[in-house]
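Before any comments, here is the structure.
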Amino acid sequence: MTLRIVPIAADHDLSGFDCGDLRRNHWLKTHALANRMADYSATYVGLSPDNAVAGFYSLSAASIARQMLPRSLRHGAPEPAPMIILGQLAVALAAQGKRLGDTLIADAFKRTIQTADIVGCGFLGVHPAEPWLVRYDEQFGFKLVAGITPALMLISIRRLRQILPASRS
Ligand SMILES: CC(C)(COP(=O)(O)OP(=O)(O)OC[C@H]1O[C@@H](n2cnc3c(N)ncnc32)[C@H](O)[C@@H]1OP(=O)(O)O)[C@@H](O)C(=O)NCCC(=O)NCCS
């Protein structure tokens with residue numbers, strides 16, 4: 001299935017969305033648009049050809065204390081180091097099993113690089129809520145940071161630019 005991934009808008013029908021995770025369903029229906037309007041997070045929805053919301057993710061700004069960075073990522077980083085958090089990734093149950101999450105994450109990588117071109121930012125992070133999500137996020141190059149609660153995985157923007165070289169503007 002091809003997804004058209006666009007910023008969340010008031011005319012998207014979110015009412016029937018169900019990814020199997022009640023908190024994510026609730027967040028999408030209750031907070032995603034409000035947070036967009038208030039500039040706290042930017043949510044992008046993946047629309048199927050019939051314009052149903054098949055998945056979504058959000059991006060927001062954050063920072064991490066330099067000393068929390070793994071040694072391999074610390075060199076040259078400022079205090080604190082700016083990053084972006086990829087949160088709330090979900091695919092509707094009816095659309096799961098086709099790796100649409102990969103499509104959403106690739107879109108998040110592209111938008112993160114575009115953001116880093118404008119504001120400067122060292123890392124993209126995710127908070128895996130379950131152990132299996134650590135393995136899931138590792139597939140995309142995220143590495144678990146030791147000693148942080150809630151769990152945090154990072155990938156450097158430098159690495160994203162290597163993965164998606166054409167995205168540099
Ligand atoms: C995470 C998510 C977005 C992936 O959706 P998707 O792209 O349709 O994923 P697929 O079903 O195609 O599976 C992708 C991989 O994840 C694995 N996976 C999916 N659900 C899993 C589960 N509950 N437990 C363990 N592994 C799982 C699959 O086995 C597959 O790996 P493989 O290719 O090595 O077999 C989707 O499972 C989801 O929306 N979950 C509910 C919300 C959630 O937990 N979000 C957290 C994301 S940070």
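In the structure tokens, chains take the letters A, B, ... in the order shown, each chain's residues start at 1, and ligands count up from 1 in the order shown.
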(request) Pick out the residues sitting within 8 Å of segment 53-65 of chain A, and hand them over as an NGL selection string; count only C-alpha atoms, and ignore anything fewer than 3 positions along from it in its own chain. (result) :A and (3 or 12-14 or 17 or 40-48 or 68-69 or 79-92 or 95 or 100-101 or 104 or 108)
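The shortest atom-to-atom distance to ligand 1, with only C-alpha atoms and all ligand atoms taken into account, belongs to A:Pro131 out of A:Pro78, A:Gly16, A:Pro70, A:Pro131.
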(request) Tell me which of A:Leu144, A:Cys19, A:Ile157, A:Leu28 sits closest to ligand 1, counting only C-alpha atoms and all ligand atoms. (result) A:Cys19
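For the residues A:Gln67, A:Gln96, A:Thr30, A:Gln114, ranking by smallest atom-to-atom distance to ligand 1 using only C-alpha atoms and all ligand atoms places A:Gln96 first.
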Residue neighbourhood Ile155 of chain A, 12 Å, only C-alpha atoms, exclusion window fewer than 6 positions, as a compact mmCIF listing (two decimals) with N, CA and C atoms, in the first residue's frame:
```txt
# COMPACT_ATOMS: atom_id res chain seq x y z
N LEU A 69 25.35 11.00 26.73
CA LEU A 69 25.59 10.44 25.39
C LEU A 69 26.61 9.31 25.47
N PRO A 70 26.41 8.26 24.67
CA PRO A 70 27.45 7.24 24.59
C PRO A 70 28.75 7.88 24.11
N SER A 72 30.80 7.12 21.94
CA SER A 72 30.95 7.14 20.48
C SER A 72 30.23 8.33 19.85
N LEU A 73 29.25 8.92 20.57
CA LEU A 73 28.48 10.03 20.00
C LEU A 73 28.82 11.37 20.67
N MET A 83 18.40 17.57 20.19
CA MET A 83 17.94 16.39 19.44
C MET A 83 16.45 16.54 19.13
N ILE A 84 15.99 15.61 18.33
CA ILE A 84 14.56 15.52 18.00
C ILE A 84 14.08 14.17 18.49
N ILE A 85 12.86 14.13 19.03
CA ILE A 85 12.29 12.85 19.47
C ILE A 85 11.21 12.43 18.46
N LEU A 86 11.39 11.20 17.99
CA LEU A 86 10.36 10.56 17.16
C LEU A 86 9.46 9.78 18.12
N PHE A 109 12.82 10.26 9.05
CA PHE A 109 14.24 10.53 8.82
C PHE A 109 14.40 11.72 7.87
N THR A 112 13.44 14.92 9.57
CA THR A 112 14.43 15.26 10.61
C THR A 112 15.65 15.92 9.96
N ILE A 113 16.11 15.38 8.85
CA ILE A 113 17.25 15.98 8.15
C ILE A 113 16.90 17.40 7.69
N CYS A 121 20.89 20.28 14.82
CA CYS A 121 20.40 19.28 15.76
C CYS A 121 21.28 18.05 15.60
N GLY A 122 21.67 17.42 16.71
CA GLY A 122 22.65 16.35 16.61
C GLY A 122 22.11 14.94 16.45
N PHE A 123 20.90 14.71 17.03
CA PHE A 123 20.44 13.33 17.14
C PHE A 123 18.93 13.24 16.94
N LEU A 124 18.52 12.03 16.51
CA LEU A 124 17.10 11.67 16.53
C LEU A 124 16.97 10.55 17.57
N GLY A 125 15.98 10.69 18.47
CA GLY A 125 15.80 9.70 19.54
C GLY A 125 14.42 9.09 19.53
N VAL A 126 14.33 7.88 20.08
CA VAL A 126 13.04 7.22 20.30
C VAL A 126 13.05 6.64 21.71
N ASP A 137 13.59 -0.98 16.68
CA ASP A 137 14.24 0.30 16.37
C ASP A 137 15.70 0.11 15.96
N GLU A 138 16.33 -0.97 16.45
CA GLU A 138 17.72 -1.25 16.03
C GLU A 138 17.82 -1.49 14.53
N GLN A 139 16.76 -2.03 13.94
CA GLN A 139 16.78 -2.28 12.49
C GLN A 139 17.02 -1.00 11.69
N PHE A 140 16.62 0.14 12.27
CA PHE A 140 16.73 1.41 11.54
C PHE A 140 18.01 2.17 11.93
N GLY A 141 18.81 1.58 12.79
CA GLY A 141 20.09 2.19 13.15
C GLY A 141 20.12 2.85 14.52
N PHE A 142 18.97 2.85 15.24
CA PHE A 142 18.96 3.43 16.59
C PHE A 142 19.78 2.54 17.53
N LYS A 143 20.51 3.19 18.45
CA LYS A 143 21.30 2.45 19.44
C LYS A 143 20.82 2.83 20.84
N LEU A 144 20.66 1.80 21.68
CA LEU A 144 20.19 2.02 23.05
C LEU A 144 21.24 2.77 23.86
N VAL A 145 20.80 3.81 24.58
CA VAL A 145 21.69 4.57 25.45
C VAL A 145 21.62 3.95 26.84
N ARG A 161 22.15 11.33 7.45
CA ARG A 161 22.55 11.93 6.16
C ARG A 161 23.27 10.90 5.29
N GLN A 162 23.94 9.93 5.95
CA GLN A 162 24.58 8.85 5.16
C GLN A 162 23.52 7.91 4.60
N ILE A 163 22.48 7.65 5.43
CA ILE A 163 21.43 6.73 4.99
C ILE A 163 20.60 7.34 3.86
```
(message) With distances taken over only C-alpha atoms and all ligand atoms, which residue among A:Leu33, A:Leu22, A:Ile148, A:Leu154 lies nearest ligand 1?
(response) A:Leu22
(request) Compare A:Pro49, A:Pro7, A:Gly97, A:Gly76 by their minimum atom-to-atom distance to ligand 1, counting only C-alpha atoms and all ligand atoms, and give me the closest one. (result)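 That would be A:Gly97, the residue with the smallest distance to ligand 1.
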(message) So, with only C-alpha atoms and all ligand atoms as the atoms that count, which of A:Arg158, A:His127, A:Arg23, A:Arg99 lies closest to ligand 1?
(response)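 Under the stated criterion, the closest residue is A:Arg99.
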(request) Using DSSP on the backbone, list every residue of segment 9-153 of chain A that comes out as alpha helix (DSSP H), and give them as JSON, numbers by chain. (result) {"A": [22, 23, 24, 25, 26, 27, 33, 34, 35, 36, 37, 71, 72, 73, 74, 100, 101, 102, 103, 104, 105, 106, 107, 108, 109, 110, 111, 112, 113, 114, 115, 116, 117, 118, 119, 131, 132, 133, 134, 135, 136, 137, 138]}
For the residues selected in the previous step, produce a file with N, CA and C atoms as a short mmCIF file (atom, residue, chain, number, x, y, z; two decimals), in the first residue's frame.
```cif
data_model
loop_
_atom_site.label_atom_id
_atom_site.label_comp_id
_atom_site.auth_asym_id
_atom_site.auth_seq_id
_atom_site.Cartn_x
_atom_site.Cartn_y
_atom_site.Cartn_z
N LEU A 22 -4.02 1.37 23.37
CA LEU A 22 -5.04 2.35 23.76
C LEU A 22 -4.46 3.74 24.00
N ARG A 23 -3.24 3.78 24.58
CA ARG A 23 -2.65 5.09 24.87
C ARG A 23 -2.32 5.85 23.59
N ARG A 24 -1.81 5.13 22.60
CA ARG A 24 -1.49 5.80 21.33
C ARG A 24 -2.76 6.22 20.60
N ASN A 25 -3.79 5.36 20.63
CA ASN A 25 -5.07 5.74 20.01
C ASN A 25 -5.60 7.03 20.64
N HIS A 26 -5.55 7.05 21.98
CA HIS A 26 -6.08 8.20 22.72
C HIS A 26 -5.26 9.45 22.42
N TRP A 27 -3.94 9.29 22.39
CA TRP A 27 -3.07 10.45 22.13
C TRP A 27 -3.39 11.04 20.76
N LEU A 33 -3.59 16.88 17.38
CA LEU A 33 -3.88 18.14 16.69
C LEU A 33 -3.67 19.33 17.62
N ALA A 34 -4.09 19.18 18.90
CA ALA A 34 -3.91 20.27 19.87
C ALA A 34 -2.42 20.58 20.04
N ASN A 35 -1.60 19.54 20.13
CA ASN A 35 -0.15 19.76 20.26
C ASN A 35 0.43 20.42 19.01
N ARG A 36 -0.14 20.06 17.86
CA ARG A 36 0.31 20.68 16.60
C ARG A 36 -0.02 22.18 16.63
N MET A 37 -1.26 22.51 17.05
CA MET A 37 -1.69 23.91 17.07
C MET A 37 -0.87 24.71 18.08
N ARG A 71 29.89 7.33 24.58
CA ARG A 71 31.19 7.89 24.23
C ARG A 71 31.33 8.08 22.71
N SER A 72 30.80 7.12 21.94
CA SER A 72 30.95 7.14 20.48
C SER A 72 30.23 8.33 19.85
N LEU A 73 29.25 8.92 20.57
CA LEU A 73 28.48 10.03 20.00
C LEU A 73 28.82 11.37 20.67
N ARG A 74 29.68 11.32 21.71
CA ARG A 74 29.88 12.52 22.54
C ARG A 74 30.83 13.53 21.92
N LEU A 100 4.51 -0.94 7.06
CA LEU A 100 4.25 0.49 6.82
C LEU A 100 4.99 1.35 7.84
N GLY A 101 5.33 0.74 9.00
CA GLY A 101 6.15 1.47 9.97
C GLY A 101 7.46 1.91 9.34
N ASP A 102 8.04 1.07 8.47
CA ASP A 102 9.29 1.44 7.78
C ASP A 102 9.09 2.71 6.95
N THR A 103 7.94 2.78 6.27
CA THR A 103 7.64 3.94 5.42
C THR A 103 7.52 5.20 6.28
N LEU A 104 6.85 5.05 7.44
CA LEU A 104 6.70 6.22 8.32
C LEU A 104 8.05 6.65 8.88
N ILE A 105 8.88 5.68 9.25
CA ILE A 105 10.19 6.02 9.81
C ILE A 105 11.08 6.66 8.74
N ALA A 106 11.02 6.17 7.52
CA ALA A 106 11.81 6.79 6.44
C ALA A 106 11.38 8.24 6.24
N ASP A 107 10.07 8.49 6.34
CA ASP A 107 9.56 9.86 6.21
C ASP A 107 10.05 10.72 7.38
N ALA A 108 10.06 10.13 8.58
CA ALA A 108 10.55 10.86 9.77
C ALA A 108 12.03 11.19 9.61
N PHE A 109 12.82 10.26 9.05
CA PHE A 109 14.24 10.53 8.82
C PHE A 109 14.40 11.72 7.87
N LYS A 110 13.62 11.71 6.80
CA LYS A 110 13.71 12.79 5.80
C LYS A 110 13.36 14.14 6.43
N ARG A 111 12.26 14.16 7.20
CA ARG A 111 11.84 15.44 7.81
C ARG A 111 12.84 15.88 8.90
N THR A 112 13.44 14.92 9.57
CA THR A 112 14.43 15.26 10.61
C THR A 112 15.65 15.92 9.96
N ILE A 113 16.11 15.38 8.85
CA ILE A 113 17.25 15.98 8.15
C ILE A 113 16.90 17.40 7.69
N GLN A 114 15.69 17.56 7.17
CA GLN A 114 15.27 18.90 6.73
C GLN A 114 15.25 19.87 7.92
N THR A 115 14.77 19.37 9.06
CA THR A 115 14.74 20.20 10.27
C THR A 115 16.16 20.57 10.69
N ALA A 116 17.05 19.58 10.68
CA ALA A 116 18.44 19.82 11.09
C ALA A 116 19.14 20.79 10.15
N ASP A 117 18.71 20.85 8.90
CA ASP A 117 19.27 21.84 7.96
C ASP A 117 18.93 23.26 8.41
N ILE A 118 17.77 23.41 9.06
CA ILE A 118 17.28 24.75 9.42
C ILE A 118 17.74 25.17 10.82
N VAL A 119 17.59 24.25 11.80
CA VAL A 119 17.86 24.67 13.18
C VAL A 119 19.15 24.07 13.77
N PRO A 131 10.45 -4.21 25.31
CA PRO A 131 11.72 -4.79 24.88
C PRO A 131 11.76 -5.11 23.38
N TRP A 132 10.65 -5.59 22.80
CA TRP A 132 10.70 -5.94 21.38
C TRP A 132 10.90 -4.71 20.50
N LEU A 133 10.50 -3.54 21.03
CA LEU A 133 10.67 -2.31 20.25
C LEU A 133 12.14 -1.89 20.19
N VAL A 134 12.95 -2.35 21.15
CA VAL A 134 14.40 -2.09 21.06
C VAL A 134 14.94 -2.78 19.81
N ARG A 135 14.55 -4.05 19.65
CA ARG A 135 15.01 -4.79 18.46
C ARG A 135 14.43 -4.16 17.19
N TYR A 136 13.17 -3.74 17.28
CA TYR A 136 12.53 -3.10 16.11
C TYR A 136 13.29 -1.84 15.70
N ASP A 137 13.59 -0.98 16.68
CA ASP A 137 14.24 0.30 16.37
C ASP A 137 15.70 0.11 15.96
N GLU A 138 16.33 -0.97 16.45
CA GLU A 138 17.72 -1.25 16.03
C GLU A 138 17.82 -1.49 14.53
#
```
(message) Taking the DSSP secondary structure from the backbone, can you list the residues of segment 41-87 of chain A that are strand (DSSP E or B), as a PyMOL selection string?
(response) chain A and resi 42-47+53-64+81-87
Next, the residues of the selection above should be written as a PDB file, in the first residue's frame with C-alpha atoms.
```pdb
ATOM      1  CA  ALA A  42       4.255  17.901  14.893  1.00  0.00           C
ATOM      2  CA  THR A  43       2.267  14.817  13.908  1.00  0.00           C
ATOM      3  CA  TYR A  44       2.330  13.327  10.439  1.00  0.00           C
ATOM      4  CA  VAL A  45      -0.393  10.927   9.332  1.00  0.00           C
ATOM      5  CA  GLY A  46      -0.032   8.281   6.640  1.00  0.00           C
ATOM      6  CA  LEU A  47      -3.137   8.294   4.464  1.00  0.00           C
ATOM      7  CA  VAL A  53      -5.432   7.243   8.485  1.00  0.00           C
ATOM      8  CA  ALA A  54      -3.279   4.097   8.292  1.00  0.00           C
ATOM      9  CA  GLY A  55      -0.538   5.294  10.631  1.00  0.00           C
ATOM     10  CA  PHE A  56       1.134   8.247  12.238  1.00  0.00           C
ATOM     11  CA  TYR A  57       4.178   9.511  14.065  1.00  0.00           C
ATOM     12  CA  SER A  58       5.193  12.718  15.806  1.00  0.00           C
ATOM     13  CA  LEU A  59       8.350  14.799  16.028  1.00  0.00           C
ATOM     14  CA  SER A  60       9.279  17.189  18.811  1.00  0.00           C
ATOM     15  CA  ALA A  61      12.349  19.072  19.987  1.00  0.00           C
ATOM     16  CA  ALA A  62      14.363  17.887  22.982  1.00  0.00           C
ATOM     17  CA  SER A  63      17.874  17.889  24.373  1.00  0.00           C
ATOM     18  CA  ILE A  64      20.163  15.472  26.162  1.00  0.00           C
ATOM     19  CA  ALA A  81      23.073  18.397  22.904  1.00  0.00           C
ATOM     20  CA  PRO A  82      20.013  19.256  20.802  1.00  0.00           C
ATOM     21  CA  MET A  83      17.937  16.394  19.438  1.00  0.00           C
ATOM     22  CA  ILE A  84      14.565  15.524  18.002  1.00  0.00           C
ATOM     23  CA  ILE A  85      12.286  12.855  19.466  1.00  0.00           C
ATOM     24  CA  LEU A  86      10.357  10.563  17.163  1.00  0.00           C
ATOM     25  CA  GLY A  87       7.337   9.609  19.251  1.00  0.00           C
TER      26      GLY A  87
END
```
(request) One decimal, Å: what's the distance from atom CA of Thr2 of chain A over to atom 38 (C, counted along the ligand's line) of ligand 1, could you say? (result) 17.3 Å
